[in-house]
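Coordinates from my_file36.txt are shown below (compact mmCIF, C-alpha atoms and all ligand atoms).
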```
# COMPACT_ATOMS: atom_id res chain seq x y z
CA MET A 1 56.26 15.80 -269.43
CA ALA A 2 55.17 12.24 -268.69
CA ILE A 3 51.95 11.04 -267.15
CA LEU A 4 52.03 9.02 -263.95
CA ASP A 5 49.45 6.53 -265.14
CA GLY A 6 47.76 5.30 -261.98
CA LYS A 7 45.05 3.51 -263.92
CA ALA A 8 47.49 1.29 -265.83
CA LEU A 9 49.64 0.57 -262.77
CA SER A 10 46.58 -0.18 -260.67
CA GLU A 11 45.47 -2.79 -263.22
CA GLN A 12 48.96 -4.33 -263.19
CA LEU A 13 49.05 -4.49 -259.40
CA ILE A 14 45.58 -6.01 -259.17
CA ASP A 15 46.59 -8.57 -261.80
CA SER A 16 49.75 -9.39 -259.88
CA VAL A 17 47.88 -10.53 -256.74
CA LYS A 18 45.43 -12.88 -258.47
CA GLU A 19 47.49 -15.98 -257.83
CA ARG A 20 48.03 -15.10 -254.17
CA ALA A 21 44.33 -14.36 -253.80
CA SER A 22 43.42 -17.78 -255.20
CA GLU A 23 45.69 -19.40 -252.57
CA LEU A 24 44.39 -17.30 -249.66
CA SER A 25 40.68 -16.77 -250.56
CA PRO A 26 40.51 -13.33 -248.88
CA THR A 27 37.24 -11.56 -248.07
CA LEU A 28 36.76 -7.80 -247.85
CA ALA A 29 33.71 -6.43 -246.05
CA VAL A 30 32.58 -2.88 -246.83
CA ILE A 31 30.06 -0.93 -244.78
CA LEU A 32 28.29 1.82 -246.71
CA VAL A 33 26.03 4.30 -244.94
CA GLY A 34 23.61 6.52 -246.88
CA GLU A 35 23.58 7.32 -250.57
CA ASN A 36 26.38 9.83 -251.06
CA PRO A 37 27.04 9.54 -254.84
CA ALA A 38 30.83 9.85 -254.44
CA SER A 39 30.90 7.13 -251.75
CA MET A 40 28.72 4.90 -253.93
CA ALA A 41 31.11 5.39 -256.86
CA TYR A 42 34.19 4.60 -254.70
CA VAL A 43 32.52 1.49 -253.33
CA ARG A 44 31.62 0.33 -256.87
CA ASN A 45 35.29 0.68 -257.87
CA LYS A 46 36.40 -1.30 -254.82
CA LYS A 47 33.90 -4.05 -255.65
CA LYS A 48 35.12 -4.22 -259.28
CA ALA A 49 38.75 -4.38 -258.14
CA CYS A 50 37.94 -7.22 -255.72
CA GLU A 51 36.22 -9.14 -258.50
CA LYS A 52 39.27 -8.70 -260.75
CA ALA A 53 41.70 -9.73 -258.02
CA GLY A 54 39.64 -12.73 -256.88
CA ILE A 55 38.80 -11.29 -253.46
CA GLU A 56 35.35 -12.02 -252.11
CA TYR A 57 33.48 -8.76 -251.59
CA LEU A 58 30.70 -8.32 -249.03
CA GLU A 59 28.74 -5.10 -248.84
CA PHE A 60 26.54 -4.00 -245.93
CA LYS A 61 24.35 -1.00 -246.68
CA TYR A 62 22.58 1.11 -244.09
CA PRO A 63 20.34 4.19 -244.28
CA ASP A 64 21.88 7.46 -243.09
CA THR A 65 19.66 7.32 -240.01
CA ILE A 66 21.68 4.42 -238.56
CA THR A 67 22.75 4.89 -234.94
CA GLN A 68 26.30 4.75 -233.62
CA GLU A 69 25.33 1.67 -231.53
CA SER A 70 24.02 -0.30 -234.53
CA LEU A 71 27.09 0.54 -236.59
CA LEU A 72 29.42 -0.48 -233.75
CA GLU A 73 27.44 -3.70 -233.33
CA LYS A 74 27.95 -4.58 -237.02
CA ILE A 75 31.67 -3.80 -236.81
CA LYS A 76 31.97 -6.05 -233.76
CA GLU A 77 30.21 -8.87 -235.61
CA LEU A 78 32.54 -8.53 -238.63
CA ASN A 79 35.62 -8.27 -236.39
CA GLU A 80 34.65 -11.59 -234.80
CA ASP A 81 33.86 -13.31 -238.10
CA ASP A 82 36.96 -15.31 -239.05
CA SER A 83 35.84 -15.53 -242.67
CA VAL A 84 36.24 -11.73 -243.01
CA ASN A 85 39.85 -10.59 -243.52
CA GLY A 86 39.47 -6.89 -244.30
CA LEU A 87 36.89 -4.39 -243.08
CA ILE A 88 36.30 -0.84 -244.18
CA VAL A 89 33.65 1.71 -243.33
CA GLN A 90 33.26 4.08 -246.25
CA LEU A 91 33.63 7.73 -245.20
CA PRO A 92 32.08 10.26 -244.83
CA LEU A 93 29.50 9.21 -242.24
CA PRO A 94 26.39 11.15 -241.18
CA ASP A 95 26.65 13.72 -238.37
CA GLN A 96 25.19 11.50 -235.61
CA ILE A 97 28.14 9.12 -236.02
CA TYR A 98 31.40 9.90 -234.22
CA VAL A 99 33.99 8.78 -236.80
CA PRO A 100 37.01 8.33 -234.47
CA ASP A 101 35.06 5.74 -232.44
CA ILE A 102 34.09 3.89 -235.62
CA ILE A 103 37.69 3.77 -236.83
CA ARG A 104 38.86 2.69 -233.38
CA ALA A 105 36.30 -0.14 -233.34
CA ILE A 106 37.75 -1.84 -236.45
CA ALA A 107 40.14 -4.64 -235.44
CA PRO A 108 43.68 -3.47 -236.35
CA VAL A 109 44.35 -6.79 -238.17
CA LYS A 110 41.39 -6.09 -240.48
CA ASP A 111 41.91 -2.32 -240.85
CA VAL A 112 42.82 -2.41 -244.57
CA ASP A 113 42.17 1.33 -244.99
CA GLY A 114 44.99 1.77 -242.46
CA PHE A 115 43.14 4.60 -240.67
CA GLY A 116 43.38 3.24 -237.11
CA ALA A 117 45.96 4.37 -234.56
CA TYR A 118 47.73 1.00 -234.47
CA ASN A 119 48.45 0.86 -238.20
CA LEU A 120 49.18 4.59 -238.41
CA GLY A 121 51.60 4.21 -235.48
CA LYS A 122 53.43 1.38 -237.22
CA THR A 123 53.57 3.41 -240.44
CA PHE A 124 55.31 6.11 -238.40
CA LEU A 125 58.20 3.81 -237.43
CA SER A 126 59.85 2.84 -240.71
CA PRO A 127 58.99 1.28 -244.10
CA ASP A 128 59.64 -2.15 -242.51
CA PHE A 129 56.70 -1.66 -240.16
CA GLU A 130 54.25 -0.51 -242.83
CA ASP A 131 52.02 -3.57 -242.73
CA LEU A 132 48.71 -1.87 -243.38
CA PRO A 133 49.53 1.76 -244.20
CA PRO A 134 46.72 4.10 -245.27
CA ALA A 135 45.65 3.19 -248.80
CA THR A 136 46.09 6.55 -250.59
CA PRO A 137 49.63 7.21 -249.27
CA LEU A 138 50.58 3.60 -250.09
CA GLY A 139 49.21 4.08 -253.62
CA ILE A 140 51.29 7.25 -254.01
CA VAL A 141 54.48 5.54 -252.83
CA LYS A 142 53.85 2.63 -255.23
CA LEU A 143 53.31 5.07 -258.10
CA LEU A 144 56.58 6.94 -257.41
CA ASP A 145 58.44 3.63 -257.07
CA HIS A 146 57.04 2.27 -260.32
CA TYR A 147 58.24 5.30 -262.28
CA ASP A 148 61.60 5.08 -260.51
CA ILE A 149 61.20 8.55 -259.03
CA GLN A 150 63.85 8.83 -256.33
CA VAL A 151 62.64 10.25 -253.05
CA GLN A 152 65.80 10.18 -250.94
CA GLY A 153 67.26 13.65 -250.50
CA LYS A 154 64.46 15.30 -252.50
CA GLU A 155 62.44 18.31 -251.40
CA VAL A 156 58.93 16.96 -251.02
CA VAL A 157 56.13 19.41 -250.33
CA VAL A 158 52.77 18.00 -249.23
CA VAL A 159 49.77 20.34 -249.27
CA GLY A 160 47.03 19.16 -246.90
CA HIS A 161 47.50 17.56 -243.50
CA SER A 162 44.54 15.20 -243.13
CA ASN A 163 44.96 12.03 -241.09
CA HIS A 164 44.14 9.89 -244.14
CA VAL A 165 46.38 11.46 -246.75
CA GLY A 166 48.56 14.50 -246.00
CA LYS A 167 50.03 13.47 -242.65
CA PRO A 168 50.70 9.78 -243.40
CA VAL A 169 52.16 10.43 -246.88
CA SER A 170 54.48 13.03 -245.30
CA VAL A 171 55.66 10.43 -242.78
CA MET A 172 56.05 7.67 -245.38
CA LEU A 173 58.24 9.91 -247.54
CA LEU A 174 60.20 11.10 -244.51
CA ASN A 175 60.80 7.39 -243.78
CA ARG A 176 62.27 7.20 -247.29
CA ASN A 177 64.69 10.03 -246.48
CA ALA A 178 63.01 12.89 -248.31
CA THR A 179 63.10 16.40 -246.82
CA VAL A 180 59.40 16.89 -246.26
CA THR A 181 57.44 20.10 -245.74
CA THR A 182 53.75 19.73 -244.92
CA CYS A 183 51.53 22.73 -245.70
CA HIS A 184 47.96 23.37 -244.64
CA ILE A 185 45.33 26.03 -244.26
CA TYR A 186 47.49 28.04 -241.80
CA THR A 187 50.61 27.98 -243.97
CA LYS A 188 51.49 31.64 -244.49
CA ASP A 189 52.99 31.65 -247.97
CA LEU A 190 51.99 28.46 -249.75
CA SER A 191 53.71 29.24 -253.03
CA ALA A 192 57.05 29.95 -251.30
CA HIS A 193 56.96 26.26 -250.31
CA THR A 194 55.47 24.75 -253.46
CA LYS A 195 58.06 26.54 -255.63
CA ARG A 196 60.85 24.66 -253.82
CA ALA A 197 59.29 21.24 -254.40
CA ASP A 198 61.03 18.52 -256.41
CA ILE A 199 57.96 16.42 -255.67
CA LEU A 200 54.66 18.16 -254.91
CA ILE A 201 51.75 16.20 -253.43
CA VAL A 202 48.45 18.04 -253.17
CA ALA A 203 45.56 16.63 -251.12
CA VAL A 204 43.17 19.45 -250.30
CA GLY A 205 39.97 19.29 -252.38
CA LYS A 206 40.11 22.75 -254.01
CA GLU A 207 40.07 23.11 -257.79
CA LYS A 208 43.15 24.93 -259.17
CA LEU A 209 44.60 25.61 -255.72
CA ILE A 210 48.01 25.11 -257.33
CA THR A 211 48.71 27.09 -260.48
CA ALA A 212 51.69 26.95 -262.86
CA ASP A 213 53.39 30.00 -261.29
CA MET A 214 53.56 28.09 -257.98
CA VAL A 215 55.82 25.26 -259.23
CA LYS A 216 59.33 25.02 -260.61
CA ASP A 217 60.38 23.45 -263.92
CA GLY A 218 60.79 19.69 -263.76
CA VAL A 219 58.58 19.21 -260.69
CA VAL A 220 56.86 15.85 -260.13
CA VAL A 221 53.20 16.52 -259.30
CA VAL A 222 50.92 14.07 -257.51
CA ASP A 223 47.39 15.44 -257.41
CA VAL A 224 45.17 13.65 -254.88
CA GLY A 225 42.24 16.08 -255.00
CA ILE A 226 38.89 15.08 -256.44
CA ASN A 227 36.63 17.98 -257.37
CA ARG A 228 33.96 18.77 -259.95
CA ASN A 229 34.57 21.83 -262.11
CA LYS A 230 31.76 24.11 -263.29
CA GLU A 231 31.17 21.87 -266.33
CA GLY A 232 30.63 18.99 -263.90
CA LYS A 233 33.85 17.21 -264.91
CA LEU A 234 36.18 15.59 -262.38
CA CYS A 235 39.35 17.55 -261.71
CA GLY A 236 42.12 17.69 -259.15
CA ASP A 237 43.63 20.46 -257.03
CA THR A 238 46.20 21.54 -259.62
CA ASP A 239 45.91 23.35 -262.94
CA PHE A 240 46.77 20.24 -264.96
CA GLU A 241 46.89 21.90 -268.37
CA GLU A 242 49.32 24.69 -267.44
CA ILE A 243 51.41 22.73 -264.92
CA SER A 244 51.89 19.92 -267.48
CA LYS A 245 54.00 22.37 -269.49
CA LYS A 246 56.51 22.64 -266.61
CA ALA A 247 56.32 19.29 -264.84
CA SER A 248 58.52 16.27 -265.52
CA TYR A 249 55.74 13.95 -264.32
CA ILE A 250 52.13 14.57 -263.34
CA THR A 251 49.13 12.48 -262.30
CA PRO A 252 45.88 13.02 -264.20
CA VAL A 253 42.52 13.30 -262.41
CA PRO A 254 40.82 10.93 -262.97
CA GLY A 255 43.28 8.12 -263.68
CA GLY A 256 46.07 8.95 -261.22
CA VAL A 257 45.87 8.57 -257.46
CA GLY A 258 42.22 7.35 -257.39
CA PRO A 259 42.87 3.94 -258.99
CA MET A 260 46.11 3.62 -257.00
CA THR A 261 44.12 4.00 -253.77
CA VAL A 262 41.91 1.10 -254.84
CA ALA A 263 44.95 -1.01 -255.80
CA ALA A 264 46.53 -0.26 -252.41
CA LEU A 265 43.35 -1.41 -250.68
CA ILE A 266 43.61 -4.70 -252.59
CA LEU A 267 47.28 -5.07 -251.59
CA ASN A 268 46.39 -4.35 -247.96
CA THR A 269 43.58 -6.94 -248.05
CA ILE A 270 46.03 -9.58 -249.28
CA ARG A 271 48.56 -8.51 -246.63
CA ALA A 272 45.95 -8.60 -243.85
CA THR A 273 44.89 -12.10 -244.91
CA GLU A 274 48.50 -13.30 -244.97
CA ARG A 275 49.06 -11.97 -241.46
CA GLN A 276 45.85 -13.57 -240.19
CA HIS A 277 46.95 -16.90 -241.73
CA LYS A 278 50.50 -16.23 -240.44
CA VAL A 279 52.03 -16.81 -243.89
P1 LIG A 301 40.50 16.82 -245.81
O1 LIG A 301 40.45 15.91 -244.64
O2 LIG A 301 39.41 17.78 -246.06
O3 LIG A 301 41.88 17.59 -245.76
C1 LIG A 301 42.16 18.67 -246.59
C2 LIG A 301 43.45 19.31 -246.11
O4 LIG A 301 43.74 20.46 -246.90
C3 LIG A 301 43.39 19.78 -244.68
O5 LIG A 301 44.64 19.49 -244.08
C4 LIG A 301 43.19 21.29 -244.82
O6 LIG A 301 43.71 22.04 -243.73
C5 LIG A 301 44.01 21.56 -246.05
N1 LIG A 301 43.62 22.80 -246.72
C6 LIG A 301 42.38 23.29 -246.93
N2 LIG A 301 42.43 24.44 -247.63
C7 LIG A 301 43.74 24.68 -247.86
C8 LIG A 301 44.44 25.72 -248.52
N3 LIG A 301 43.80 26.74 -249.09
N4 LIG A 301 45.79 25.65 -248.58
C9 LIG A 301 46.46 24.63 -248.01
N5 LIG A 301 45.85 23.61 -247.36
C10 LIG A 301 44.50 23.65 -247.29
O7 LIG A 301 40.62 15.96 -247.14
P2 LIG A 301 41.37 14.59 -247.53
O8 LIG A 301 40.58 13.43 -247.06
O9 LIG A 301 42.84 14.63 -247.24
O10 LIG A 301 41.17 14.71 -249.10
C11 LIG A 301 41.73 15.80 -249.85
C12 LIG A 301 41.26 15.68 -251.27
O11 LIG A 301 41.72 14.45 -251.78
C13 LIG A 301 39.73 15.67 -251.47
O12 LIG A 301 39.45 16.26 -252.71
C14 LIG A 301 39.40 14.19 -251.52
O13 LIG A 301 38.24 13.95 -252.25
C15 LIG A 301 40.61 13.67 -252.22
N6 LIG A 301 40.95 12.29 -251.95
C16 LIG A 301 41.26 11.55 -253.03
C17 LIG A 301 41.63 10.25 -252.86
C18 LIG A 301 42.00 9.49 -254.06
O14 LIG A 301 42.05 8.27 -253.98
N7 LIG A 301 42.29 10.15 -255.17
C19 LIG A 301 41.68 9.66 -251.60
C20 LIG A 301 41.40 10.46 -250.50
C21 LIG A 301 41.04 11.79 -250.69
P3 LIG A 301 42.78 22.25 -242.39
O15 LIG A 301 42.50 20.87 -241.83
O16 LIG A 301 43.65 23.04 -241.50
O17 LIG A 301 41.54 22.92 -242.87
```

As structure tokens - that is how I would like this structure written.
Amino acid sequence: MAILDGKALSEQLIDSVKERASELSPTLAVILVGENPASMAYVRNKKKACEKAGIEYLEFKYPDTITQESLLEKIKELNEDDSVNGLIVQLPLPDQIYVPDIIRAIAPVKDVDGFGAYNLGKTFLSPDFEDLPPATPLGIVKLLDHYDIQVQGKEVVVVGHSNHVGKPVSVMLLNRNATVTTCHIYTKDLSAHTKRADILIVAVGKEKLITADMVKDGVVVVDVGINRNKEGKLCGDTDFEEISKKASYITPVPGGVGPMTVAALILNTIRATERQHKV
């Protein structure tokens, strides 16, 4: 078994854009609402990655009482600010905020999380149209590519069908000619599907949802989940210890998909800036 080392690859990718960043001087703006500890940790990582890459990082913090109107007003201001190239609103948002309207308000050219309909629609078409694909799926594709894991003709099983991870990663791998099965909460016999997988991608948010008896020997496992176990330690959705004995490759949590998501955000910020400068 080999580890898919997202941390190391993320550092390499961030390093590789430094020169381009110094030519383009990109700026990423991040809106953070409330004090959710996980969101604060993600935002810290994004800030650190920007500093390493040479991307200017602007953070706008608001209390969790902010209204939809004020948030939309700030997004409009940042959309219109030519010195801002990428804009993300860290999710989740408090209940009074209607997330689809927030995502829709972000200018597609600055949507470096790739959550908006325009960028998702382009991602649907073919790899050639993936200008700003969603960051986590892009990170997963980069990780598979780096380890030379062929996708074409493989049985890929994705567990989870969220708009940010499960659905777009399914489409991106379908675009690369995998045979993709997407499972979710209504899937009748999850293990009947996971057992067939050459490549298994799990993005649910449930500790040990996937156990060793649910995978075949030699499987490649990409674990997107981020959970805390009863000892308070970070863990994914798969039983890493037992599945490692059967897998050919597996991502650790932490150190797998998480850092790749951050690296993909950096790549998207560079890409967005290039497109805005038409270079
Ligand atoms: P989400 O929007 O909550 O989606 C979870 C998906 O899992 C949904 O499609 C849900 O189906 C499905 N599901 C729930 N229980 C299931 C079960 N027992 N069997 C099969 N499918 C089930 O979450 P998300 O945003 O995709 O995130 C998923 C996990 O990845 C979370 O732990 C999150 O923290 C993590 N994450 C990590 C990164 C990273 O960079 N590492 C990035 C994004 C997310 P229904 O919708 O039908 O309930």

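With a cut-off of 6 Å and using all atoms listed in the file, the polymer residues contacting ligand LIG 301 (chain A) are Thr136, Val159, Gly160, His161, Ser162, His164, Val165, Gly166, Cys183, His184, Ile185, Ala203, Val204, Gly205, Val224, Gly225, Ile226, Asn227, Val257, Gly258 and Thr261 of chain A.
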
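Shortest atom-to-atom contact with Ser16 (chain A) among A:Val30, A:Glu73, A:Ala53, A:Ile243: A:Ala53, counting all atoms listed in the file.
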
Report, in Å with one decimal, the straight-line distance from CA of Lys7 (chain A) to CA of Pro259 (chain A).
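Answer for the CA of Lys7 (chain A) to CA of Pro259 (chain A) separation: 5.4 Å.
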
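In this comparison, which uses all atoms listed in the file, the residue of A:Leu234, A:Leu71, A:Ile149, A:Val180 approaching Tyr98 (chain A) most closely is A:Leu71.
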
Selected residue of minimal separation from Ile55 (chain A) among A:Thr273, A:Thr251, A:Ser244, A:Thr179, counting all atoms listed in the file
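Of the candidates, the smallest distance to Ile55 (chain A) is held by A:Thr273.
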
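Look at Lys74 (chain A): the protein and nucleic acid residues within 10 Å of it, using only C-alpha atoms and passing over chain neighbours fewer than 5 places away, are Ile31, Phe60, Glu69, Asn79 and Glu80 of chain A.
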
Compile the contact shell of region 110-112 of chain A as a PyMOL selection string: residues with an atom at most 8 Å away, counting only C-alpha atoms, same-chain residues fewer than 4 positions apart removed.
chain A and resi 79+85-88+106+116+119+132-135+265+268-269+272

Two-atom distance - CA of Lys230 (chain A), CA of Lys245 (chain A) (Å):
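About the pair CA of Lys230 (chain A) and CA of Lys245 (chain A): they are 23.2 Å apart.
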
For region 178-184 of chain A, what centre and edge lengths in Å (one decimal) does the axis-aligned box get once 5 Å is added on each side of all its listed atoms, as JSON?
```
{"center_x": 55.5, "center_y": 18.1, "center_z": -246.5, "size_x": 25.1, "size_y": 20.5, "size_z": 13.7}
```

Atomic separation - CA of Glu155 (chain A) relative to CA of Asp213 (chain A), Å
17.8 Å

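Remark: for Ile266 (chain A), the closest of the candidate residues A:Ile250, A:Val33, A:Leu78, A:Leu138 is A:Leu138 (distances computed over all atoms listed in the file).
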
Would you mind listing what lies within 10 Å of Val215 (chain A) as a PyMOL selection string, with all atoms listed in the file counted and same-chain residues fewer than 5 positions away left out?
chain A and resi 191-200+210+220-221+243+246-247

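Each of A:Ala49, A:Ala29, A:Met172, A:Val43 was checked against Ile140 (chain A) using all atoms listed in the file; the smallest atom-to-atom distance is that of A:Met172.
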
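Residues having any atom no farther than 10 Å from (25.9, 4.3, -237.3) (counting only C-alpha atoms) are Val33, Tyr62, Pro63, Asp64, Thr65, Ile66, Thr67, Gln68, Glu69, Ser70, Leu71, Leu72, Glu73, Lys74, Ile75, Leu93, Pro94, Asp95, Gln96, Ile97, Tyr98, Val99 and Ile102 of chain A.
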
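Checking A:His146, A:Glu59, A:Asp113, A:Lys18 one by one against Asp131 (chain A), counting all atoms listed in the file, you find the shortest gap at A:Asp113.
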